[in-house]
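Everything below concerns the one structure shown next.
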Amino acid sequence: MRPTRDSAYNLLSLLLLVGLLRPSWCRPAHNVVLCNVLRSAVPHLDQLVKSSGHFHDLSGEFLVDLLEDRLESLPVIQTTAAQLHLLKVNESLSLLYVHTLTFKAHVDWLKKFQEDVSLPTEAAGGASAQLLQLANLIKVSLHQVKEPVPQPMRPPSFPAVSAAFEALRYSVEVSQNLKVFCSWSKRVVRHVQKVSRCPRR
């Protein structure tokens, strides 16, 4: 039985349609949950930057004098673009999770000694809450890429703080390092979004 002209036309149309759809089938689809979680992390980082600016009310050259003694327990952030792009998605998220928990431990310590020397604690308390929410978002992201969540590290050994001056000095250091962390974290999030083919919005 010979095909009719209409059936041949319909077959040709179907083959053309399949040919048009094939490229879209080949493209890896992005993980909607992962992309949404990463996008939600950015406002928390913005809020952390604002909170860290209120850990103290000092400014100018006086800040430099306060930073002679450094907290060795703070994470060392590798901020170059080359180092960032060498990280894989799972490594990036794992490192971000560990750094987030480490900074939360420092901010909680900061809040405690601010209370002990009768300094305002609202900014540190707000930053601690933002860091906890950020850690939870990163944990969801790790689950999405099927990466085990790193085990919490042992709490750092913090120096004793007995005077308001020492509290201000350490507040400055935690504040400045937290800002660097937030800037780095945004770059990590953008890097993971790009690698994961998240849509731009």
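Chain labels run A, B, ... following the order of the structure tokens; each chain numbers its residues from 1, and ligands are numbered from 1 in the order shown.
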Compile a residue-level contact table for stretch 96-165 of chain A against stretch 44-48 of chain A at a cut-off of 12 Å, reporting for every qualifying residue the shortest atom pair and its distance in Å to one decimal, with only C-alpha atoms counted, rows ordered by chain and ascending number, as JSON lines.
{"residue": "A:Leu96", "atom": "CA", "partner": "A:Leu45", "partner_atom": "CA", "distance": 11.9}
{"residue": "A:Thr100", "atom": "CA", "partner": "A:Leu45", "partner_atom": "CA", "distance": 10.6}
{"residue": "A:Phe103", "atom": "CA", "partner": "A:Leu48", "partner_atom": "CA", "distance": 11.0}
{"residue": "A:Lys104", "atom": "CA", "partner": "A:Leu48", "partner_atom": "CA", "distance": 11.0}
{"residue": "A:Val107", "atom": "CA", "partner": "A:Leu48", "partner_atom": "CA", "distance": 11.0}
{"residue": "A:Ala123", "atom": "CA", "partner": "A:Leu48", "partner_atom": "CA", "distance": 9.2}
{"residue": "A:Ala124", "atom": "CA", "partner": "A:Leu48", "partner_atom": "CA", "distance": 9.5}
{"residue": "A:Gly125", "atom": "CA", "partner": "A:Leu48", "partner_atom": "CA", "distance": 10.8}
{"residue": "A:Gly126", "atom": "CA", "partner": "A:Leu48", "partner_atom": "CA", "distance": 8.0}
{"residue": "A:Ala127", "atom": "CA", "partner": "A:Leu48", "partner_atom": "CA", "distance": 5.5}
{"residue": "A:Ser128", "atom": "CA", "partner": "A:Leu48", "partner_atom": "CA", "distance": 8.8}
{"residue": "A:Ala129", "atom": "CA", "partner": "A:Leu48", "partner_atom": "CA", "distance": 9.4}
{"residue": "A:Gln130", "atom": "CA", "partner": "A:His44", "partner_atom": "CA", "distance": 5.8}
{"residue": "A:Leu131", "atom": "CA", "partner": "A:Leu48", "partner_atom": "CA", "distance": 7.6}
{"residue": "A:Leu132", "atom": "CA", "partner": "A:His44", "partner_atom": "CA", "distance": 9.8}
{"residue": "A:Gln133", "atom": "CA", "partner": "A:His44", "partner_atom": "CA", "distance": 7.7}
{"residue": "A:Leu134", "atom": "CA", "partner": "A:His44", "partner_atom": "CA", "distance": 6.5}
{"residue": "A:Ala135", "atom": "CA", "partner": "A:His44", "partner_atom": "CA", "distance": 10.3}
{"residue": "A:Asn136", "atom": "CA", "partner": "A:His44", "partner_atom": "CA", "distance": 11.4}
{"residue": "A:Leu137", "atom": "CA", "partner": "A:His44", "partner_atom": "CA", "distance": 10.0}
{"residue": "A:Ile138", "atom": "CA", "partner": "A:His44", "partner_atom": "CA", "distance": 11.7}
Could you dump the residues just selected with N, CA and C atoms as a JSON list (two decimals), in the first residue's frame?
[["chain", "number", "residue", "atom", "x", "y", "z"],
["A", 96, "LEU", "N", 32.32, 26.17, 51.75],
["A", 96, "LEU", "CA", 31.43, 27.25, 52.18],
["A", 96, "LEU", "C", 30.70, 26.87, 53.46],
["A", 100, "THR", "N", 31.20, 28.77, 57.03],
["A", 100, "THR", "CA", 30.01, 29.39, 57.64],
["A", 100, "THR", "C", 29.89, 28.99, 59.10],
["A", 103, "PHE", "N", 32.64, 30.74, 61.17],
["A", 103, "PHE", "CA", 32.32, 32.14, 61.48],
["A", 103, "PHE", "C", 31.17, 32.25, 62.48],
["A", 104, "LYS", "N", 30.23, 31.33, 62.42],
["A", 104, "LYS", "CA", 29.15, 31.36, 63.41],
["A", 104, "LYS", "C", 29.70, 31.16, 64.81],
["A", 107, "VAL", "N", 31.23, 34.44, 65.84],
["A", 107, "VAL", "CA", 30.23, 35.47, 66.12],
["A", 107, "VAL", "C", 29.51, 35.17, 67.44],
["A", 123, "ALA", "N", 23.85, 43.34, 66.81],
["A", 123, "ALA", "CA", 24.45, 43.05, 65.51],
["A", 123, "ALA", "C", 25.01, 41.63, 65.48],
["A", 124, "ALA", "N", 25.71, 41.24, 66.54],
["A", 124, "ALA", "CA", 26.28, 39.89, 66.59],
["A", 124, "ALA", "C", 25.17, 38.84, 66.63],
["A", 125, "GLY", "N", 24.11, 39.12, 67.38],
["A", 125, "GLY", "CA", 22.99, 38.19, 67.43],
["A", 125, "GLY", "C", 22.33, 38.03, 66.07],
["A", 126, "GLY", "N", 22.15, 39.13, 65.35],
["A", 126, "GLY", "CA", 21.57, 39.07, 64.01],
["A", 126, "GLY", "C", 22.46, 38.32, 63.04],
["A", 127, "ALA", "N", 23.77, 38.54, 63.14],
["A", 127, "ALA", "CA", 24.71, 37.85, 62.26],
["A", 127, "ALA", "C", 24.72, 36.36, 62.53],
["A", 128, "SER", "N", 24.63, 35.97, 63.79],
["A", 128, "SER", "CA", 24.60, 34.56, 64.15],
["A", 128, "SER", "C", 23.38, 33.87, 63.53],
["A", 129, "ALA", "N", 22.23, 34.54, 63.59],
["A", 129, "ALA", "CA", 21.02, 33.97, 63.00],
["A", 129, "ALA", "C", 21.15, 33.84, 61.48],
["A", 130, "GLN", "N", 21.74, 34.84, 60.83],
["A", 130, "GLN", "CA", 21.93, 34.79, 59.38],
["A", 130, "GLN", "C", 22.89, 33.67, 58.99],
["A", 131, "LEU", "N", 23.94, 33.50, 59.78],
["A", 131, "LEU", "CA", 24.90, 32.43, 59.49],
["A", 131, "LEU", "C", 24.27, 31.05, 59.66],
["A", 132, "LEU", "N", 23.40, 30.90, 60.64],
["A", 132, "LEU", "CA", 22.72, 29.63, 60.83],
["A", 132, "LEU", "C", 21.81, 29.33, 59.63],
["A", 133, "GLN", "N", 21.06, 30.32, 59.18],
["A", 133, "GLN", "CA", 20.19, 30.13, 58.01],
["A", 133, "GLN", "C", 21.01, 29.83, 56.76],
["A", 134, "LEU", "N", 22.15, 30.52, 56.62],
["A", 134, "LEU", "CA", 23.02, 30.27, 55.48],
["A", 134, "LEU", "C", 23.55, 28.83, 55.52],
["A", 135, "ALA", "N", 23.97, 28.38, 56.69],
["A", 135, "ALA", "CA", 24.47, 27.00, 56.83],
["A", 135, "ALA", "C", 23.39, 25.99, 56.45],
["A", 136, "ASN", "N", 22.15, 26.25, 56.84],
["A", 136, "ASN", "CA", 21.05, 25.34, 56.50],
["A", 136, "ASN", "C", 20.81, 25.30, 54.99],
["A", 137, "LEU", "N", 20.91, 26.45, 54.33],
["A", 137, "LEU", "CA", 20.75, 26.50, 52.88],
["A", 137, "LEU", "C", 21.86, 25.72, 52.17],
["A", 138, "ILE", "N", 23.07, 25.88, 52.66],
["A", 138, "ILE", "CA", 24.20, 25.17, 52.05],
["A", 138, "ILE", "C", 24.05, 23.66, 52.27]]
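Each of A:Lys139, A:Lys179, A:Arg197, A:Lys111 was checked against A:Asn31 using only C-alpha atoms; the smallest atom-to-atom distance is that of A:Arg197.
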Counting only C-alpha atoms, what are the residues of stretch 132-196 of chain A within 12 Å of stretch 83-91 of chain A, and for each of them which pair of atoms is the nearest and at what distance in Å, to one decimal? Sort the table by chain and rising number, as JSON lines.
{"residue": "A:Ile138", "atom": "CA", "partner": "A:Asn90", "partner_atom": "CA", "distance": 10.6}
{"residue": "A:Lys139", "atom": "CA", "partner": "A:Asn90", "partner_atom": "CA", "distance": 11.2}
{"residue": "A:Ser141", "atom": "CA", "partner": "A:Asn90", "partner_atom": "CA", "distance": 9.1}
{"residue": "A:Leu142", "atom": "CA", "partner": "A:Asn90", "partner_atom": "CA", "distance": 7.0}
{"residue": "A:His143", "atom": "CA", "partner": "A:Asn90", "partner_atom": "CA", "distance": 9.9}
{"residue": "A:Gln144", "atom": "CA", "partner": "A:Asn90", "partner_atom": "CA", "distance": 9.9}
{"residue": "A:Val145", "atom": "CA", "partner": "A:Asn90", "partner_atom": "CA", "distance": 6.8}
{"residue": "A:Lys146", "atom": "CA", "partner": "A:Asn90", "partner_atom": "CA", "distance": 8.4}
{"residue": "A:Glu147", "atom": "CA", "partner": "A:Asn90", "partner_atom": "CA", "distance": 6.3}
{"residue": "A:Pro148", "atom": "CA", "partner": "A:Asn90", "partner_atom": "CA", "distance": 9.1}
{"residue": "A:Val149", "atom": "CA", "partner": "A:Asn90", "partner_atom": "CA", "distance": 10.0}
{"residue": "A:Pro150", "atom": "CA", "partner": "A:Glu91", "partner_atom": "CA", "distance": 10.6}
{"residue": "A:Trp184", "atom": "CA", "partner": "A:Leu84", "partner_atom": "CA", "distance": 8.8}
{"residue": "A:Ser185", "atom": "CA", "partner": "A:Leu84", "partner_atom": "CA", "distance": 10.2}
{"residue": "A:Lys186", "atom": "CA", "partner": "A:Leu84", "partner_atom": "CA", "distance": 11.3}
{"residue": "A:Arg187", "atom": "CA", "partner": "A:Leu84", "partner_atom": "CA", "distance": 8.0}
{"residue": "A:Val188", "atom": "CA", "partner": "A:Leu84", "partner_atom": "CA", "distance": 7.1}
{"residue": "A:Val189", "atom": "CA", "partner": "A:Val89", "partner_atom": "CA", "distance": 9.5}
{"residue": "A:Arg190", "atom": "CA", "partner": "A:Leu84", "partner_atom": "CA", "distance": 10.6}
{"residue": "A:His191", "atom": "CA", "partner": "A:His85", "partner_atom": "CA", "distance": 7.4}
{"residue": "A:Val192", "atom": "CA", "partner": "A:Val89", "partner_atom": "CA", "distance": 5.7}
{"residue": "A:Gln193", "atom": "CA", "partner": "A:Val89", "partner_atom": "CA", "distance": 9.1}
{"residue": "A:Lys194", "atom": "CA", "partner": "A:Val89", "partner_atom": "CA", "distance": 10.0}
{"residue": "A:Val195", "atom": "CA", "partner": "A:Val89", "partner_atom": "CA", "distance": 7.4}
{"residue": "A:Ser196", "atom": "CA", "partner": "A:Val89", "partner_atom": "CA", "distance": 8.1}
Kindly save the residues from that selection, with N, CA, C and O atoms included, as a short mmCIF file (atom, residue, chain, number, x, y, z; two decimals), in the first residue's frame.
data_model
loop_
_atom_site.label_atom_id
_atom_site.label_comp_id
_atom_site.auth_asym_id
_atom_site.auth_seq_id
_atom_site.Cartn_x
_atom_site.Cartn_y
_atom_site.Cartn_z
N ILE A 138 23.07 25.88 52.66
CA ILE A 138 24.20 25.17 52.05
C ILE A 138 24.05 23.66 52.27
O ILE A 138 24.38 22.85 51.39
N LYS A 139 23.52 23.27 53.42
CA LYS A 139 23.30 21.85 53.69
C LYS A 139 22.31 21.26 52.68
O LYS A 139 22.52 20.15 52.17
N SER A 141 21.85 22.41 49.69
CA SER A 141 22.58 22.37 48.42
C SER A 141 23.47 21.14 48.34
O SER A 141 23.57 20.50 47.29
N LEU A 142 24.13 20.80 49.44
CA LEU A 142 24.99 19.60 49.46
C LEU A 142 24.17 18.34 49.21
O LEU A 142 24.61 17.43 48.50
N HIS A 143 22.98 18.28 49.79
CA HIS A 143 22.11 17.13 49.54
C HIS A 143 21.73 17.05 48.07
O HIS A 143 21.64 15.96 47.49
N GLN A 144 21.50 18.21 47.45
CA GLN A 144 21.09 18.24 46.04
C GLN A 144 22.18 17.72 45.11
O GLN A 144 21.89 17.14 44.07
N VAL A 145 23.44 17.96 45.46
CA VAL A 145 24.55 17.47 44.62
C VAL A 145 25.08 16.13 45.13
O VAL A 145 26.13 15.66 44.70
N LYS A 146 24.31 15.54 46.09
CA LYS A 146 24.65 14.21 46.65
C LYS A 146 26.05 14.18 47.25
O LYS A 146 26.82 13.22 47.06
N GLU A 147 26.35 15.24 47.98
CA GLU A 147 27.64 15.35 48.66
C GLU A 147 27.40 15.25 50.16
O GLU A 147 26.49 15.89 50.70
N PRO A 148 28.18 14.45 50.90
CA PRO A 148 27.97 14.36 52.35
C PRO A 148 28.25 15.69 53.03
O PRO A 148 29.16 16.42 52.65
N VAL A 149 27.44 15.98 54.03
CA VAL A 149 27.61 17.22 54.78
C VAL A 149 28.81 17.07 55.72
O VAL A 149 28.87 16.10 56.49
N PRO A 150 29.80 17.98 55.65
CA PRO A 150 30.98 17.85 56.53
C PRO A 150 30.59 17.86 57.99
O PRO A 150 29.65 18.57 58.41
N TRP A 184 33.63 36.63 49.29
CA TRP A 184 34.07 35.36 48.70
C TRP A 184 32.89 34.42 48.49
O TRP A 184 32.79 33.74 47.46
N SER A 185 31.99 34.36 49.46
CA SER A 185 30.84 33.46 49.38
C SER A 185 29.94 33.81 48.20
O SER A 185 29.42 32.91 47.52
N LYS A 186 29.75 35.09 47.94
CA LYS A 186 28.95 35.49 46.78
C LYS A 186 29.59 35.00 45.49
O LYS A 186 28.89 34.54 44.58
N ARG A 187 30.90 35.08 45.42
CA ARG A 187 31.59 34.60 44.21
C ARG A 187 31.45 33.08 44.09
O ARG A 187 31.30 32.55 42.98
N VAL A 188 31.51 32.37 45.22
CA VAL A 188 31.33 30.92 45.20
C VAL A 188 29.93 30.58 44.70
O VAL A 188 29.75 29.70 43.86
N VAL A 189 28.92 31.29 45.23
CA VAL A 189 27.53 31.04 44.83
C VAL A 189 27.36 31.27 43.33
O VAL A 189 26.75 30.46 42.62
N ARG A 190 27.90 32.39 42.83
CA ARG A 190 27.79 32.67 41.39
C ARG A 190 28.50 31.59 40.57
O ARG A 190 28.02 31.20 39.50
N HIS A 191 29.66 31.14 41.05
CA HIS A 191 30.41 30.10 40.35
C HIS A 191 29.60 28.81 40.27
O HIS A 191 29.50 28.17 39.21
N VAL A 192 29.01 28.42 41.40
CA VAL A 192 28.21 27.19 41.43
C VAL A 192 26.97 27.34 40.56
O VAL A 192 26.56 26.41 39.86
N GLN A 193 26.35 28.52 40.59
CA GLN A 193 25.18 28.76 39.74
C GLN A 193 25.53 28.61 38.26
O GLN A 193 24.78 28.01 37.49
N LYS A 194 26.69 29.14 37.89
CA LYS A 194 27.11 29.07 36.49
C LYS A 194 27.39 27.63 36.08
O LYS A 194 26.92 27.17 35.02
N VAL A 195 28.15 26.91 36.91
CA VAL A 195 28.49 25.53 36.60
C VAL A 195 27.24 24.66 36.57
O VAL A 195 27.12 23.73 35.77
N SER A 196 26.27 24.97 37.44
CA SER A 196 25.04 24.19 37.52
C SER A 196 23.99 24.63 36.52
O SER A 196 22.87 24.12 36.54
#
(request) Take atom CA of A:Glu72 and atom CA of A:Leu119 and report the distance between them in Å, one decimal. (result) 23.6 Å
(request) Using atom CA of A:Val161 and atom CA of A:Val49 as the two end points, give the distance in Å to one decimal. (result) 24.2 Å
(message) Just want the 9 Å neighbourhood of A:Phe55, counted on only C-alpha atoms, with same-chain residues fewer than 6 positions away dropped. Output as an NGL selection string.
(response) :A and (110 or 120-124 or 168 or 171-172 or 174-175)
Could you save those same residues with C-alpha atoms as a tab-separated table (two decimals), in the first residue's frame?
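Final output, saved to selection-v5.tsv:
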chain	number	residue	atom	x	y	z
A	110	LEU	CA	31.79	37.70	70.07
A	120	PRO	CA	25.58	46.02	72.47
A	121	THR	CA	24.97	42.53	71.10
A	122	GLU	CA	22.16	43.09	68.56
A	123	ALA	CA	24.45	43.05	65.51
A	124	ALA	CA	26.28	39.89	66.59
A	168	LEU	CA	36.34	46.08	70.60
A	171	SER	CA	34.99	42.81	67.21
A	172	VAL	CA	36.94	44.72	64.56
A	174	VAL	CA	35.76	39.38	63.25
A	175	SER	CA	33.87	42.14	61.42
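For the pair atom CA of A:Pro199 and atom CA of A:Arg39, the interatomic distance is 10.2 Å.
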(request) Between A:Phe165, A:Asp57, A:Cys198, A:Leu71, single out the one closest to A:Val32, counting only C-alpha atoms. (result) A:Cys198
(request) Compare A:Ala81, A:Pro156, A:His54, A:Arg169 by their minimum atom-to-atom distance to A:Asp108, counting only C-alpha atoms, and give me the closest one. (result)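 Checking each candidate against A:Asp108, we get A:Pro156 as the closest.
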(message) as a PyMOL selection string, please: every residue in stretch 78-196 of chain A that a backbone DSSP assignment puts in alpha helix (DSSP H).
(response) chain A and resi 81-86+89-116+122-144+164-195
(message) Measuring between only C-alpha atoms, which one of A:Lys112, A:His99, A:His56, A:Arg70 shows the shortest distance to A:Phe181?
(response)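 The closest residue to A:Phe181 is A:His99.
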(request) Give the answer as one residue: which of A:Arg200, A:Val117, A:Val140, A:Val180 has the shortest atom-to-atom distance to A:Thr79, using only C-alpha atoms? (result)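 Closest residue, counting only C-alpha atoms: A:Val180.
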(message) Give me the residues near A:Thr102 as a PyMOL selection string, where near means some atom within 9 Å (using only C-alpha atoms) and where sequence neighbours in that chain fewer than 6 positions away do not count.
(response) chain A and resi 73-75+152-153+155-156
Residues just named, written with all heavy atoms as a PDB file, in the first residue's frame:
ATOM      1  N   SER A  73      42.274  31.418  64.714  1.00  0.00           N
ATOM      2  CA  SER A  73      41.205  30.453  64.456  1.00  0.00           C
ATOM      3  C   SER A  73      40.275  30.876  63.318  1.00  0.00           C
ATOM      4  O   SER A  73      39.451  30.072  62.869  1.00  0.00           O
ATOM      5  CB  SER A  73      40.371  30.242  65.728  1.00  0.00           C
ATOM      6  OG  SER A  73      39.936  31.491  66.240  1.00  0.00           O
ATOM      7  N   LEU A  74      40.393  32.116  62.835  1.00  0.00           N
ATOM      8  CA  LEU A  74      39.546  32.556  61.731  1.00  0.00           C
ATOM      9  C   LEU A  74      39.960  31.872  60.430  1.00  0.00           C
ATOM     10  O   LEU A  74      41.149  31.655  60.190  1.00  0.00           O
ATOM     11  CB  LEU A  74      39.643  34.077  61.563  1.00  0.00           C
ATOM     12  CG  LEU A  74      38.857  34.920  62.570  1.00  0.00           C
ATOM     13  CD1 LEU A  74      39.300  36.381  62.497  1.00  0.00           C
ATOM     14  CD2 LEU A  74      37.364  34.803  62.330  1.00  0.00           C
ATOM     15  N   PRO A  75      38.987  31.529  59.571  1.00  0.00           N
ATOM     16  CA  PRO A  75      39.332  30.869  58.300  1.00  0.00           C
ATOM     17  C   PRO A  75      40.192  31.763  57.415  1.00  0.00           C
ATOM     18  O   PRO A  75      40.018  32.986  57.396  1.00  0.00           O
ATOM     19  CB  PRO A  75      37.956  30.633  57.644  1.00  0.00           C
ATOM     20  CG  PRO A  75      36.975  30.696  58.752  1.00  0.00           C
ATOM     21  CD  PRO A  75      37.537  31.663  59.749  1.00  0.00           C
ATOM     22  N   PRO A 152      30.768  18.877  61.809  1.00  0.00           N
ATOM     23  CA  PRO A 152      31.214  20.111  62.481  1.00  0.00           C
ATOM     24  C   PRO A 152      32.582  19.933  63.123  1.00  0.00           C
ATOM     25  O   PRO A 152      32.881  18.887  63.711  1.00  0.00           O
ATOM     26  CB  PRO A 152      30.129  20.352  63.543  1.00  0.00           C
ATOM     27  CG  PRO A 152      28.942  19.573  63.068  1.00  0.00           C
ATOM     28  CD  PRO A 152      29.488  18.386  62.329  1.00  0.00           C
ATOM     29  N   MET A 153      33.411  20.944  62.972  1.00  0.00           N
ATOM     30  CA  MET A 153      34.742  20.896  63.561  1.00  0.00           C
ATOM     31  C   MET A 153      34.650  21.207  65.053  1.00  0.00           C
ATOM     32  O   MET A 153      33.654  21.762  65.532  1.00  0.00           O
ATOM     33  CB  MET A 153      35.648  21.914  62.861  1.00  0.00           C
ATOM     34  CG  MET A 153      35.831  21.647  61.377  1.00  0.00           C
ATOM     35  SD  MET A 153      36.842  22.905  60.557  1.00  0.00           S
ATOM     36  CE  MET A 153      38.405  22.671  61.396  1.00  0.00           C
ATOM     37  N   PRO A 155      35.040  23.209  68.349  1.00  0.00           N
ATOM     38  CA  PRO A 155      35.031  24.665  68.558  1.00  0.00           C
ATOM     39  C   PRO A 155      36.451  25.198  68.744  1.00  0.00           C
ATOM     40  O   PRO A 155      37.270  24.573  69.421  1.00  0.00           O
ATOM     41  CB  PRO A 155      34.210  24.839  69.847  1.00  0.00           C
ATOM     42  CG  PRO A 155      33.378  23.592  69.944  1.00  0.00           C
ATOM     43  CD  PRO A 155      34.214  22.503  69.328  1.00  0.00           C
ATOM     44  N   PRO A 156      36.760  26.333  68.131  1.00  0.00           N
ATOM     45  CA  PRO A 156      38.108  26.905  68.284  1.00  0.00           C
ATOM     46  C   PRO A 156      38.384  27.277  69.737  1.00  0.00           C
ATOM     47  O   PRO A 156      37.467  27.469  70.547  1.00  0.00           O
ATOM     48  CB  PRO A 156      38.053  28.166  67.395  1.00  0.00           C
ATOM     49  CG  PRO A 156      36.888  27.966  66.489  1.00  0.00           C
ATOM     50  CD  PRO A 156      35.908  27.137  67.240  1.00  0.00           C
TER      51      PRO A 156
END
